[in-house]
Every structure is written in structure tokens, then in C-alpha cells.
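Q: Take a look at the following structure, please.
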Amino acid sequence: MAEPYLRVENLVKRFGPFTALGGVDLEVFPGEVHCLLGDNGAGKSTLIKTLAGVHQPTEGKIYIEGKPVTFRSPRDASAAGIGTVYQDLALNPLMSVTRNFFMGRELTGPLGSLRMNEMNQIAHDEMLKIGIDFSDPTQAVGTMSGGQRQTLAIARAIYFGAKVLILDEPTSALGQRQQMGVLKTVKRVRARGDIAIIFITHNEIHSRLVGDRYTFLALGKSIGAGTAAEIGDKEMRRLMSGGAEMGDLKAELDAI
Amino acid sequence: MADLNEANRLQQETALQKLLRRPEIGSFVVMIIIIVALAIASDGKAFNPLGLKNNIAIIAQYGIIATGAAVLMIAGEFDLSIGSMIGFAGMSMAMMLKWGLPFGLGEATPAAAFFITLAMTLGIGWVIGMIVVRSGLSSFIVTLAFLFFLRGVTEVCFRLINQSTQISGLQDFKLESWFADIMGGEVFGWFYDFWFALGGNLNRNGEQWVHGFDARFFWWIVIVCVAYFVLSRTQIGNWIYATGDNKEAARANGVPVDKVKVGLFMFTAFCATMFAACQVYDTNTSDAAKGNLMELFAIAIAVVGGTLMTGGFGSVLGVVFGAITVGLVANAVFFIPAIDGAWFRVFLGGILLAAVFANERIRKRITGGI
Ligand SMILES: Nc1ncnc2c1ncn2[C@@H]1O[C@H](COP(=O)(O)OP(=O)(O)OP(=O)(O)O)[C@@H](O)[C@H]1O
Ligand SMILES: [Mg+2]
């Protein structure tokens, strides 16, 4: 079996007295989509923010290609090939597509001046590659649709050398058609074969459609993991709701 | 259906439509109206050689600090200490010129007085910035504290060392120091020479009347050009916009937002120091009340120029138009003696309110209404 590109061992993250992550393990492989599933507040966003260098882990280790790493800032993480598309997308609505695409990693010429034409061209081409043709890269991001913003954020992460692409609920705020657009984008990225994808969602169907491997979180702990073949539909539903039996949930609902 | 894509949903705009959508357009139109109205009401006096010089003097003063305030506002912060910083810097320079360098290190040259003062004001700007980014407190309250603090320090220093809150009657340093001359002397003499050569610019005796603009005109142009270039054409400019628009997004993408903010608090301190230096070396005086209320004018002009209060958006060019508009109206009373000078503040309040509404509309249009 291939070596995981990214491995997380016993990751603990506390915010003061509050334990957001209580020892989580995770392995992601290139060319695979690893779905991270769990209830609201389970700690999914906290886990990926730690991987992205936004939070420093309280305990535990992160390995990239077998070597232990520490990320002091998002810059460190992105230099190590971790590209994150946040739930809130980390976009600036008042700024243009191009300026957002290159935010923090601008192409510069003499005196720190921007190579604007080149940047416009790249932003346009990269977004076209994963599925949207954006005619005017000087348009403000605030006027783009949710799916387009998602594509912009994904294209940006890939262009800047992401080996692990982390998508935090990329489909949650979108309409049906745009959800499918994002799933197609995920499939296209997966088909490249060299990028590992961590995909967070609350949607069982979406995770079935694109997932190769699953990890289930509940209250900051991993309560189950396995490949698509290993996890049956019923098991999946049980784990997604934090380990409770569907039957129990139904009984609870009926009692009201 | 097949050829329906995003590209052809965007309507092509004509050059004129694009021009009308620029954020500076509002302040530009107001400026033109004011220029024309003032020219008519003052019977041309506002733009005769001396009128032009005097108008530009005050416009440049406003413009220097408004540029600093605007760039800081684009990064999402305010600086209410600008006016007190002007007072402090003016005091510091005049004091060194009169009483010599600190610690009895001898006489102060104009350049030494300026650079020692600049080192102090940049240091204070740095401290303000660090307090804001480290504490996460609103810059409004932190800089309000420095408004009082610096004004108080200025007065106390004046009384302790100088026994009076004014310094006047310093020698005219411009005559022997080139440094004092580039700060407080005259510039662009060729403009008035040319005007004279064309047969205008004559005084009552038929000699050349005005010989140049105040040096602060030059410094305003320099500051505006640098700010414009940095903001619209450089990486740091992109960082400034990103910091003010959505700080967390900028940080997540590796923009050093704290450094950007601290740097810009130092920039407003620099602008305040230039304001003070031009004043001190021009008039060879200083007093503890200098720069009073200037922070509010700076912010008002930045807003009139199209800068968003919430950060992330604004244009240096708009601020230039704003400074011209406000400067001309502030000076109007000298050219139209019939009007009461207090109308200036009535006018400023009016256009400020109008500008805030106009800016809000622009913001909504760009963000698609959120
Ligand atoms: N910076 C923080 N300080 C304190 N507590 C935090 C912080 N960030 C997250 N938490 C807490 O950690 C827990 C996990 O949050 P997290 O955002 O990781 O959940 P999630 O699994 O992403 O949920 P959702 O599905 O709603 O996005 C929550 O209880 C949250 O309140
Ligand atoms: Mg989350």
C-alpha cells in the first residue's frame, strides 16, 4: 500500500479549558478523496485549521511524507503543500478575482510592483482548467456566485502547489446545480492522481459520490474510519450522527 | 443552452460607463462644482496668482494628512492622534531649533531637528500600531488615548522647557539651510515665472507678484504619487486592501496583516510630521495648539474622497479631489468676505453625510448587496 502523503497522530487541541480535539488520527493518500464527517461542533474545522497552520496543536504530531513537521503559520503549511479552502473561503469580497487569487503570493516585478497582466491571465486560465470560464478577472469577488467563489478558492490552492487540498463544507451553501459543479471539480482534481483531498461535508450522498476513505468525528474524537468498501450505508449513517442508532433518533423524534 | 457560460453574461460596458462607475467620480464632480462656483463668487480672485498659492497651501496641508488617514482606513483602522501628532512634532522641532539638541548636545540644525523628531513620531506610530494589533482593541479608542496623551505631553514640554506654549521669532532658517528651504521655502517657481512671462502675475508696480508655491505642495505631490503607486500597483498595496477587507482571509493566505497595520500607523505619523515640518520651517513658529482637529478633517476628507469607513476600499485620487474640495471651501471666506466662515463647517458636514451614503451604495454594488 502506498505511503500516505499526510499523517496525523493523536492530535489534541485545547482552547483554554475546552478540548476541541481529543486525540485524532488521520491518513490521507494522493489521488484519493478522504471524507471527514461528523456533527456540528465535532471538531472538523478545528482539525483542518490545525493542519493548515492556523492553530498550533496542543499535543500530537503531523507527518508529511513520513517526516514530522510543525507549522507556525499558514505560510509554513502552504509551503509544505497543504492548500486549504475554508468554510468562509478566505476571500475578500471587495477585491478583484485576480487580486484574491494571488493574495499574499503576488507576482512582483521591480519595486514590488504587481505583474498585473500576467496575473490576470493565470487566474483566468487556472479557473478555466477546473471548469469555469471567467471573462473578467478584474471583477470583484463580491459579485460572484457561491460555486464560482468555491472554484476560485480551489484553483488558487492548486495553482500554489497544494499536494493536500482541504475543502471545508464546499457544497453546504450552494444550490443543487452548483453543488454538482463543485463535486465535478473535486473529481477532476482527484483524477490528476497527485493531489490528496480532504473533503468535509454533512451530506451523505455527496460523500458517497466522491469519497474513497472516511473518518468520522464526534465530540473531538475519531469514532470510526475506513475505506468506501469497508463502510456500509447503515454504518455510515450511524457514524455520521455521532454514533447514535438511527432507530434511537427516530424514537426520540417520535416522542416529541 | 450549450454556449451559455459565465463569460457572456457580463454585459460589455462602454468606456464612458466604466468611467462613471469609478469610485472617484462623486468627489470629482463635487470638486468641479466647487471650483467653478468659487471662481464665479470670488470674481476670479480665488485663482489669481496669490489666491492660487494660498489655496494650494491649505489644500496640500489637508492632502498630506488625508492621504495617510485614507491609506490607514483602507487597511481598516483609524488614527485620531494625527492632530496631536502634528502639535507634538511641531513642538519638538521648534524646541530643538530654539533650545538646542536634547541633553545639551549643542545647536540643532534644521535637518537634525527634523530627523530626530521623525524618529520619535515614527516610534510613537509604531507603539500605537503595536498596541492596536497586540491588544485587538479598536484603533478608535487607542488613538483617542494618544490624542489626549500627545497633546498633553506637547503642552507640558512647552511649559517646562520654554515657559510658554508658543515659540515665535526664530531666525529664518530657510535663508541659510537648504533643508529648511525644501520644507518651508517655495517650489515650482517656473510656473509663476511663466505666468509672468505671459504678461500676467503682476503686482501694482508692474513687477512679478508671486514667485512660487509653498514647498508643502511638492511634498503633497510626492506623498500622493507614492501612495498611489504603492496602493494600486504593488504587492504591499494588495496587502493593504486585503487587510482592510477581510483580515482573517488575508491572514489565512499569508498576508502579514499586523505588519501592514503597524506600518500604516507609522505612515500617518510620518504624514503628520511632514505637515508640522512644512509649517515650522515656513513660519518659523510653533505653538501647542497646532494641528487641533486635523485628525477629523483628515478622516472627513478621506471619506469625501470615497474611502470606506469599514476598510478594504478607497482611492488616493479620490482623496486628492476631496482635499481640493475641502481646502477651497475652508479658504473661501478670504475671497468672498460677505460669507460667514462658519458656513465651511456646515458645508463639510453636508458633503460628509452625502459621501457616506454614496460610498455605501458603491460598496453594495461591488459586494452584490451584502
Ligand atoms: N478559537 C476557538 N476558541 C474556542 N473554542 C473553539 C475555537 N474554535 C472552535 N472552537 C470550539 O471547538 C468545537 C469544534 O468546532 P469546529 O468548528 O471544529 O466544529 P465543526 O466540526 O467544524 O462543526 P461544523 O460542522 O458546524 O462546521 C466547537 O465547540 C467550537 O465552539
Ligand atoms: Mg466547521
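Within each chain, counting starts at residue 1; across the C-alpha cells, chains are named A, B, ... in the order shown, with ligands numbered 1 upward in that order.
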Once you count only C-alpha atoms and all ligand atoms, which residues end up within 12 Å of ligand 2, and could you hand them over as a VMD selection string?
A: chain A and resid 20 36 to 49 85 to 89 167 to 170 172 199 to 202 217
Q: Please identify the alpha helix (DSSP H) residues within region 80-168 of chain A (assignment by DSSP from backbone atoms) and present them as a ChimeraX atom specification.
A: /A:97-101,116-129,146-159
Q: Excluding Gly224 (chain A) and any residue of its chain fewer than 3 positions from it, enumerate the residues within 10 Å of it, using only C-alpha atoms, and give them as a VMD selection string.
A: chain A and resid 37 214 to 218 221 231 235 to 236 239 to 240 242 to 243
Q: Next, dump the selected residues to file, keeping only N, CA and C atoms, as an mmCIF file, in the first residue's frame.
A:
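Just written: result_26.cif:
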```
data_model
loop_
_atom_site.group_PDB
_atom_site.id
_atom_site.type_symbol
_atom_site.label_atom_id
_atom_site.label_comp_id
_atom_site.auth_asym_id
_atom_site.auth_seq_id
_atom_site.Cartn_x
_atom_site.Cartn_y
_atom_site.Cartn_z
ATOM 1 N N LEU A 37 -16.203 13.405 8.353
ATOM 2 C CA LEU A 37 -17.627 13.562 8.624
ATOM 3 C C LEU A 37 -17.866 13.690 10.117
ATOM 4 N N TYR A 214 -13.062 7.262 4.661
ATOM 5 C CA TYR A 214 -13.859 8.077 5.577
ATOM 6 C C TYR A 214 -13.270 8.099 6.968
ATOM 7 N N THR A 215 -13.388 9.245 7.630
ATOM 8 C CA THR A 215 -13.103 9.321 9.067
ATOM 9 C C THR A 215 -14.274 10.046 9.708
ATOM 10 N N PHE A 216 -14.755 9.502 10.819
ATOM 11 C CA PHE A 216 -15.910 10.096 11.492
ATOM 12 C C PHE A 216 -15.483 10.690 12.818
ATOM 13 N N LEU A 217 -15.825 11.938 13.047
ATOM 14 C CA LEU A 217 -15.504 12.598 14.305
ATOM 15 C C LEU A 217 -16.767 12.811 15.122
ATOM 16 N N ALA A 218 -16.645 12.692 16.431
ATOM 17 C CA ALA A 218 -17.718 13.086 17.331
ATOM 18 C C ALA A 218 -17.104 13.630 18.604
ATOM 19 N N LYS A 221 -13.355 13.393 18.956
ATOM 20 C CA LYS A 221 -12.655 12.111 18.856
ATOM 21 C C LYS A 221 -13.070 11.385 17.587
ATOM 22 N N ILE A 231 -17.114 0.530 4.711
ATOM 23 C CA ILE A 231 -18.187 1.166 5.464
ATOM 24 C C ILE A 231 -19.499 1.057 4.702
ATOM 25 N N GLU A 235 -23.976 1.696 8.529
ATOM 26 C CA GLU A 235 -22.870 2.049 9.422
ATOM 27 C C GLU A 235 -22.527 3.535 9.266
ATOM 28 N N MET A 236 -22.505 3.967 8.012
ATOM 29 C CA MET A 236 -22.165 5.352 7.709
ATOM 30 C C MET A 236 -23.146 6.307 8.367
ATOM 31 N N LEU A 239 -22.549 6.435 12.106
ATOM 32 C CA LEU A 239 -21.355 7.179 12.499
ATOM 33 C C LEU A 239 -21.511 8.681 12.251
ATOM 34 N N MET A 240 -22.214 9.022 11.159
ATOM 35 C CA MET A 240 -22.380 10.448 10.834
ATOM 36 C C MET A 240 -23.179 11.172 11.888
ATOM 37 N N GLY A 242 -22.947 10.805 14.911
ATOM 38 C CA GLY A 242 -22.216 10.795 16.176
ATOM 39 C C GLY A 242 -22.323 9.489 16.925
ATOM 40 N N GLY A 243 -22.636 8.383 16.222
ATOM 41 C CA GLY A 243 -22.634 7.071 16.859
ATOM 42 C C GLY A 243 -23.995 6.614 17.355
#
```
Q: Can you pull out every residue within 7 Å of region 339-349 of chain B, counting only C-alpha atoms, but drop anything in the same chain fewer than 3 positions away, and send it as a PDB file with N, CA, C and O atoms, in the first residue's frame?
A:
```pdb
ATOM      1  N   VAL B 329     -13.094  75.249   0.074  1.00  0.00           N
ATOM      2  CA  VAL B 329     -14.220  75.773   0.848  1.00  0.00           C
ATOM      3  C   VAL B 329     -13.720  76.381   2.164  1.00  0.00           C
ATOM      4  O   VAL B 329     -14.209  77.418   2.608  1.00  0.00           O
ATOM      5  N   ALA B 330     -12.697  75.754   2.768  1.00  0.00           N
ATOM      6  CA  ALA B 330     -12.149  76.298   4.015  1.00  0.00           C
ATOM      7  C   ALA B 330     -11.601  77.702   3.794  1.00  0.00           C
ATOM      8  O   ALA B 330     -11.693  78.582   4.649  1.00  0.00           O
ATOM      9  N   VAL B 333     -13.794  81.955   2.555  1.00  0.00           N
ATOM     10  CA  VAL B 333     -14.141  83.160   3.288  1.00  0.00           C
ATOM     11  C   VAL B 333     -13.167  84.308   2.994  1.00  0.00           C
ATOM     12  O   VAL B 333     -13.533  85.477   3.036  1.00  0.00           O
ATOM     13  N   ILE B 336     -14.401  85.629  -0.473  1.00  0.00           N
ATOM     14  CA  ILE B 336     -15.777  86.138  -0.510  1.00  0.00           C
ATOM     15  C   ILE B 336     -16.094  86.640   0.900  1.00  0.00           C
ATOM     16  O   ILE B 336     -16.716  85.938   1.690  1.00  0.00           O
ATOM     17  N   LEU B 352     -19.995  65.474   3.852  1.00  0.00           N
ATOM     18  CA  LEU B 352     -19.550  64.255   4.521  1.00  0.00           C
ATOM     19  C   LEU B 352     -20.688  63.233   4.569  1.00  0.00           C
ATOM     20  O   LEU B 352     -20.524  62.063   4.222  1.00  0.00           O
ATOM     21  N   LEU B 353     -21.844  63.735   4.956  1.00  0.00           N
ATOM     22  CA  LEU B 353     -23.006  62.848   5.039  1.00  0.00           C
ATOM     23  C   LEU B 353     -23.354  62.287   3.655  1.00  0.00           C
ATOM     24  O   LEU B 353     -23.596  61.092   3.486  1.00  0.00           O
TER      25      LEU B 353
END
```
Q: Out of A:Gly142, A:Gly81, A:Gly175, A:Gly226, which residue has the shortest atom-to-atom distance to chain B when counting only C-alpha atoms?
A: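 Among the listed residues, A:Gly142 lies closest to chain B.
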Q: Chain A residues within 9 Å of chain B, counting only C-alpha atoms: which ones, as a VMD selection string?
A: chain A and resid 52 to 54 73 to 75 78 84 88 to 95 99 to 100 102 to 109 111 to 116 132 to 136 139 to 144
Q: Output C-alpha atoms for every residue in that selection, as a PDB file, in the first residue's frame.
A:
```
ATOM      1  CA  ALA A  52      -3.350  24.489   7.802  1.00  0.00           C
ATOM      2  CA  GLY A  53      -1.146  26.141  10.411  1.00  0.00           C
ATOM      3  CA  VAL A  54      -3.860  28.474  11.721  1.00  0.00           C
ATOM      4  CA  SER A  73       1.833  29.907  10.366  1.00  0.00           C
ATOM      5  CA  PRO A  74      -0.420  29.313   7.365  1.00  0.00           C
ATOM      6  CA  ARG A  75       2.596  30.169   5.246  1.00  0.00           C
ATOM      7  CA  SER A  78       1.154  26.108   2.388  1.00  0.00           C
ATOM      8  CA  THR A  84      -6.943  24.957   2.383  1.00  0.00           C
ATOM      9  CA  ASP A  88     -15.754  31.011   4.687  1.00  0.00           C
ATOM     10  CA  LEU A  89     -13.392  30.629   1.693  1.00  0.00           C
ATOM     11  CA  ALA A  90     -10.894  33.250   2.872  1.00  0.00           C
ATOM     12  CA  LEU A  91     -11.826  35.602   0.063  1.00  0.00           C
ATOM     13  CA  ASN A  92     -12.036  39.375   0.066  1.00  0.00           C
ATOM     14  CA  PRO A  93     -15.351  40.418  -1.486  1.00  0.00           C
ATOM     15  CA  LEU A  94     -14.308  43.966  -2.379  1.00  0.00           C
ATOM     16  CA  MET A  95     -11.228  42.857  -4.269  1.00  0.00           C
ATOM     17  CA  ARG A  99      -6.140  40.124  -6.504  1.00  0.00           C
ATOM     18  CA  ASN A 100      -7.842  37.417  -4.469  1.00  0.00           C
ATOM     19  CA  PHE A 102      -2.755  35.958  -5.704  1.00  0.00           C
ATOM     20  CA  MET A 103      -3.461  37.396  -2.249  1.00  0.00           C
ATOM     21  CA  GLY A 104      -0.339  37.056  -0.124  1.00  0.00           C
ATOM     22  CA  ARG A 105       1.622  35.470  -3.010  1.00  0.00           C
ATOM     23  CA  GLU A 106       1.593  38.206  -5.611  1.00  0.00           C
ATOM     24  CA  LEU A 107       3.860  38.090  -8.652  1.00  0.00           C
ATOM     25  CA  THR A 108       6.078  41.116  -8.406  1.00  0.00           C
ATOM     26  CA  GLY A 109       8.461  42.999 -10.619  1.00  0.00           C
ATOM     27  CA  LEU A 111       9.975  47.854  -6.563  1.00  0.00           C
ATOM     28  CA  GLY A 112       7.432  45.256  -5.532  1.00  0.00           C
ATOM     29  CA  SER A 113       5.161  46.268  -8.399  1.00  0.00           C
ATOM     30  CA  LEU A 114       2.494  43.804  -9.495  1.00  0.00           C
ATOM     31  CA  ARG A 115       2.708  41.950 -12.808  1.00  0.00           C
ATOM     32  CA  MET A 116      -0.991  42.522 -13.295  1.00  0.00           C
ATOM     33  CA  ILE A 132     -15.348  27.932 -15.103  1.00  0.00           C
ATOM     34  CA  ASP A 133     -14.714  30.432 -17.820  1.00  0.00           C
ATOM     35  CA  PHE A 134     -14.423  33.757 -16.156  1.00  0.00           C
ATOM     36  CA  SER A 135     -14.297  36.543 -18.669  1.00  0.00           C
ATOM     37  CA  ASP A 136     -13.311  39.450 -16.458  1.00  0.00           C
ATOM     38  CA  GLN A 139     -14.494  41.798 -11.405  1.00  0.00           C
ATOM     39  CA  ALA A 140     -14.973  41.966  -7.641  1.00  0.00           C
ATOM     40  CA  VAL A 141     -15.397  38.629  -5.902  1.00  0.00           C
ATOM     41  CA  GLY A 142     -18.419  40.020  -4.040  1.00  0.00           C
ATOM     42  CA  THR A 143     -20.423  39.745  -7.241  1.00  0.00           C
ATOM     43  CA  MET A 144     -19.565  36.077  -7.912  1.00  0.00           C
TER      44      MET A 144
END
```
Q: Could you tell me, as a list in words, which residues of region 42-158 of chain A DSSP assigns to strand (DSSP E or B) when given the backbone?
A: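 Of region 42-158 of chain A, the ones in strand (DSSP E or B) are Glu59, Gly60, Lys61, Ile62, Tyr63, Ile64, Lys67, Pro68, Val69, Ile82, Gly83, Thr84, Val85, Ser96, Thr108, Ser113, Leu114 and Ala140 of chain A.
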Q: Any chance you can output those residues with C-alpha atoms as a tab-separated table (two decimals), in the first residue's frame?
A:
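What landed in selection_31.tsv:
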```
chain	number	residue	atom	x	y	z
A	59	GLU	CA	-0.30	17.66	21.58
A	60	GLY	CA	0.31	15.18	18.81
A	61	LYS	CA	2.27	15.03	15.59
A	62	ILE	CA	1.77	15.83	11.92
A	63	TYR	CA	3.86	13.95	9.33
A	64	ILE	CA	4.33	14.87	5.69
A	67	LYS	CA	8.68	13.34	8.21
A	68	PRO	CA	7.39	15.19	11.31
A	69	VAL	CA	6.57	18.84	10.68
A	82	ILE	CA	-1.26	21.99	2.29
A	83	GLY	CA	-3.82	24.10	0.48
A	84	THR	CA	-6.94	24.96	2.38
A	85	VAL	CA	-10.30	26.14	1.16
A	96	SER	CA	-10.95	41.55	-7.81
A	108	THR	CA	6.08	41.12	-8.41
A	113	SER	CA	5.16	46.27	-8.40
A	114	LEU	CA	2.49	43.80	-9.50
A	140	ALA	CA	-14.97	41.97	-7.64
```
Q: Can I get the residues of region 66-168 of chain B within 12 Å of region 273-285 of chain B, each with the closest pair of atoms and their distance in Å to one decimal, using only C-alpha atoms, sorted chain first then ascending number, as a Markdown table?
A:
```
| residue | atom | partner | partner_atom | distance |
| --- | --- | --- | --- | --- |
| B:Ala66 | CA | B:Phe275 | CA | 10.8 |
| B:Thr67 | CA | B:Phe275 | CA | 11.6 |
| B:Gly68 | CA | B:Met274 | CA | 10.9 |
| B:Ser81 | CA | B:Thr273 | CA | 11.9 |
| B:Ile82 | CA | B:Thr273 | CA | 9.1 |
| B:Gly83 | CA | B:Ala276 | CA | 9.8 |
| B:Ser84 | CA | B:Ala276 | CA | 10.5 |
| B:Met85 | CA | B:Thr273 | CA | 7.2 |
| B:Ile86 | CA | B:Ala276 | CA | 5.2 |
| B:Gly87 | CA | B:Ala276 | CA | 7.2 |
| B:Phe88 | CA | B:Ala276 | CA | 8.6 |
| B:Ala89 | CA | B:Thr273 | CA | 5.6 |
| B:Gly90 | CA | B:Ala276 | CA | 5.0 |
| B:Met91 | CA | B:Ala276 | CA | 8.7 |
| B:Ser92 | CA | B:Ala276 | CA | 9.7 |
| B:Met93 | CA | B:Val280 | CA | 7.5 |
| B:Ala94 | CA | B:Val280 | CA | 6.8 |
| B:Met95 | CA | B:Thr285 | CA | 9.8 |
| B:Met96 | CA | B:Val280 | CA | 11.6 |
| B:Leu97 | CA | B:Asn284 | CA | 9.4 |
| B:Lys98 | CA | B:Thr285 | CA | 10.1 |
| B:Thr109 | CA | B:Tyr281 | CA | 11.7 |
| B:Pro110 | CA | B:Tyr281 | CA | 8.2 |
| B:Ala111 | CA | B:Ala277 | CA | 10.1 |
| B:Ala112 | CA | B:Ala277 | CA | 11.9 |
| B:Ala113 | CA | B:Ala277 | CA | 9.5 |
| B:Phe114 | CA | B:Ala277 | CA | 7.0 |
| B:Phe115 | CA | B:Thr273 | CA | 9.8 |
| B:Ile116 | CA | B:Thr273 | CA | 11.0 |
| B:Thr117 | CA | B:Thr273 | CA | 7.8 |
| B:Leu118 | CA | B:Thr273 | CA | 6.5 |
| B:Ala119 | CA | B:Thr273 | CA | 10.0 |
| B:Met120 | CA | B:Thr273 | CA | 9.8 |
| B:Thr121 | CA | B:Thr273 | CA | 7.1 |
| B:Leu122 | CA | B:Thr273 | CA | 8.9 |
| B:Gly123 | CA | B:Thr273 | CA | 12.0 |
| B:Ile124 | CA | B:Thr273 | CA | 11.5 |
| B:Gly125 | CA | B:Thr273 | CA | 10.9 |
| B:Thr165 | CA | B:Thr285 | CA | 11.0 |
| B:Gln166 | CA | B:Thr285 | CA | 7.6 |
| B:Ile167 | CA | B:Thr285 | CA | 5.4 |
| B:Ser168 | CA | B:Thr285 | CA | 4.4 |
```
Q: Name the residues in contact with Ile58 (chain B) at a cut-off of 7 Å, using only C-alpha atoms, excluding same-chain residues fewer than 4 positions from it; report them as an mmCIF file with all heavy atoms, in the first residue's frame.
A:
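Contents of the output file result.cif:
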```
data_model
loop_
_atom_site.group_PDB
_atom_site.id
_atom_site.type_symbol
_atom_site.label_atom_id
_atom_site.label_comp_id
_atom_site.auth_asym_id
_atom_site.auth_seq_id
_atom_site.Cartn_x
_atom_site.Cartn_y
_atom_site.Cartn_z
ATOM 1 N N ASN B 54 -2.319 80.552 -2.115
ATOM 2 C CA ASN B 54 -2.887 80.359 -0.773
ATOM 3 C C ASN B 54 -3.830 79.160 -0.714
ATOM 4 O O ASN B 54 -3.853 78.425 0.270
ATOM 5 C CB ASN B 54 -3.631 81.623 -0.321
ATOM 6 C CG ASN B 54 -2.655 82.743 -0.025
ATOM 7 O OD1 ASN B 54 -1.472 82.495 0.215
ATOM 8 N ND2 ASN B 54 -3.131 83.977 -0.071
ATOM 9 N N TYR B 62 -4.067 69.771 3.998
ATOM 10 C CA TYR B 62 -5.112 68.757 4.181
ATOM 11 C C TYR B 62 -4.761 67.469 3.463
ATOM 12 O O TYR B 62 -4.935 66.372 3.968
ATOM 13 C CB TYR B 62 -6.452 69.271 3.642
ATOM 14 C CG TYR B 62 -7.162 70.261 4.521
ATOM 15 C CD1 TYR B 62 -8.026 71.207 3.969
ATOM 16 C CD2 TYR B 62 -7.007 70.256 5.903
ATOM 17 C CE1 TYR B 62 -8.706 72.114 4.759
ATOM 18 C CE2 TYR B 62 -7.680 71.156 6.702
ATOM 19 C CZ TYR B 62 -8.530 72.098 6.127
ATOM 20 O OH TYR B 62 -9.201 72.984 6.910
ATOM 21 N N GLY B 327 -10.339 72.022 0.984
ATOM 22 C CA GLY B 327 -9.401 73.139 1.113
ATOM 23 C C GLY B 327 -9.970 74.418 0.526
ATOM 24 O O GLY B 327 -9.887 75.496 1.132
#
```
Q: Hey, can you check how far CA of Gly263 (chain B) sits from CA of Val226 (chain B)?
A: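 Here the two named atoms are 14.6 Å from each other.
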Q: Can you tell me which residues surround Arg134 (chain B) at a distance of at most 12 Å, considering only C-alpha atoms, apart from same-chain residues fewer than 3 positions away, and format the answer as a PyMOL selection string?
A: chain B and resi 126-131+137-139+142+257-259+261-262
Q: Got a sec: who's within 9 Å of Phe213 (chain B), counting only C-alpha atoms, leaving out chain neighbours fewer than 3 positions off, as a ChimeraX atom specification?
A: /B:52-54,56-57,185-189,191-192,210,216-218
Q: Selection from above, N, CA and C atoms, as an mmCIF file, in the first residue's frame, can you write it?
A:
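Generated file (result28.cif):
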```cif
data_model
loop_
_atom_site.group_PDB
_atom_site.id
_atom_site.type_symbol
_atom_site.label_atom_id
_atom_site.label_comp_id
_atom_site.auth_asym_id
_atom_site.auth_seq_id
_atom_site.Cartn_x
_atom_site.Cartn_y
_atom_site.Cartn_z
ATOM 1 N N LEU B 52 -4.340 81.437 -5.829
ATOM 2 C CA LEU B 52 -3.981 80.061 -6.154
ATOM 3 C C LEU B 52 -2.944 79.531 -5.166
ATOM 4 N N LYS B 53 -1.944 80.361 -4.896
ATOM 5 C CA LYS B 53 -0.892 79.947 -3.962
ATOM 6 C C LYS B 53 -1.487 79.645 -2.582
ATOM 7 N N ASN B 54 -2.319 80.552 -2.115
ATOM 8 C CA ASN B 54 -2.887 80.359 -0.773
ATOM 9 C C ASN B 54 -3.830 79.160 -0.714
ATOM 10 N N ILE B 56 -3.683 76.492 -2.655
ATOM 11 C CA ILE B 56 -2.896 75.252 -2.746
ATOM 12 C C ILE B 56 -2.205 74.968 -1.417
ATOM 13 N N ALA B 57 -1.821 76.035 -0.707
ATOM 14 C CA ALA B 57 -1.141 75.828 0.577
ATOM 15 C C ALA B 57 -2.028 75.041 1.531
ATOM 16 N N GLY B 185 10.301 76.497 2.134
ATOM 17 C CA GLY B 185 10.540 77.516 1.114
ATOM 18 C C GLY B 185 9.481 77.478 0.029
ATOM 19 N N GLU B 186 9.895 77.880 -1.172
ATOM 20 C CA GLU B 186 8.947 77.905 -2.282
ATOM 21 C C GLU B 186 9.391 76.932 -3.363
ATOM 22 N N VAL B 187 8.396 76.407 -4.103
ATOM 23 C CA VAL B 187 8.693 75.456 -5.178
ATOM 24 C C VAL B 187 7.945 75.844 -6.446
ATOM 25 N N PHE B 188 8.315 75.197 -7.535
ATOM 26 C CA PHE B 188 7.664 75.400 -8.835
ATOM 27 C C PHE B 188 7.629 76.876 -9.226
ATOM 28 N N GLY B 189 8.751 77.575 -8.966
ATOM 29 C CA GLY B 189 8.837 78.985 -9.342
ATOM 30 C C GLY B 189 8.622 79.179 -10.835
ATOM 31 N N PHE B 191 6.515 78.001 -12.698
ATOM 32 C CA PHE B 191 5.100 78.184 -13.040
ATOM 33 C C PHE B 191 4.741 79.665 -13.016
ATOM 34 N N TYR B 192 5.146 80.339 -11.936
ATOM 35 C CA TYR B 192 4.827 81.766 -11.815
ATOM 36 C C TYR B 192 5.694 82.621 -12.738
ATOM 37 N N VAL B 210 3.926 86.944 -7.557
ATOM 38 C CA VAL B 210 4.145 85.741 -6.752
ATOM 39 C C VAL B 210 5.258 84.927 -7.386
ATOM 40 N N ARG B 216 5.128 72.706 0.654
ATOM 41 C CA ARG B 216 4.270 71.566 1.004
ATOM 42 C C ARG B 216 3.506 71.059 -0.218
ATOM 43 N N PHE B 217 3.319 71.893 -1.244
ATOM 44 C CA PHE B 217 2.684 71.450 -2.481
ATOM 45 C C PHE B 217 3.491 70.299 -3.076
ATOM 46 N N PHE B 218 4.804 70.512 -3.113
ATOM 47 C CA PHE B 218 5.693 69.473 -3.628
ATOM 48 C C PHE B 218 5.576 68.192 -2.799
#
```
Q: Point out the residue among A:Gln179, A:Thr70, A:Ser222, A:Gln150 with the least atom-to-atom distance to ligand 1, counting only C-alpha atoms and all ligand atoms.
A: A:Ser222
Q: Between CA of Tyr5 (chain A) and CA of Leu152 (chain A), what is the distance in Å, rounded to a tenth?
A: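 Separating CA of Tyr5 (chain A) from CA of Leu152 (chain A) is a distance of 24.3 Å.
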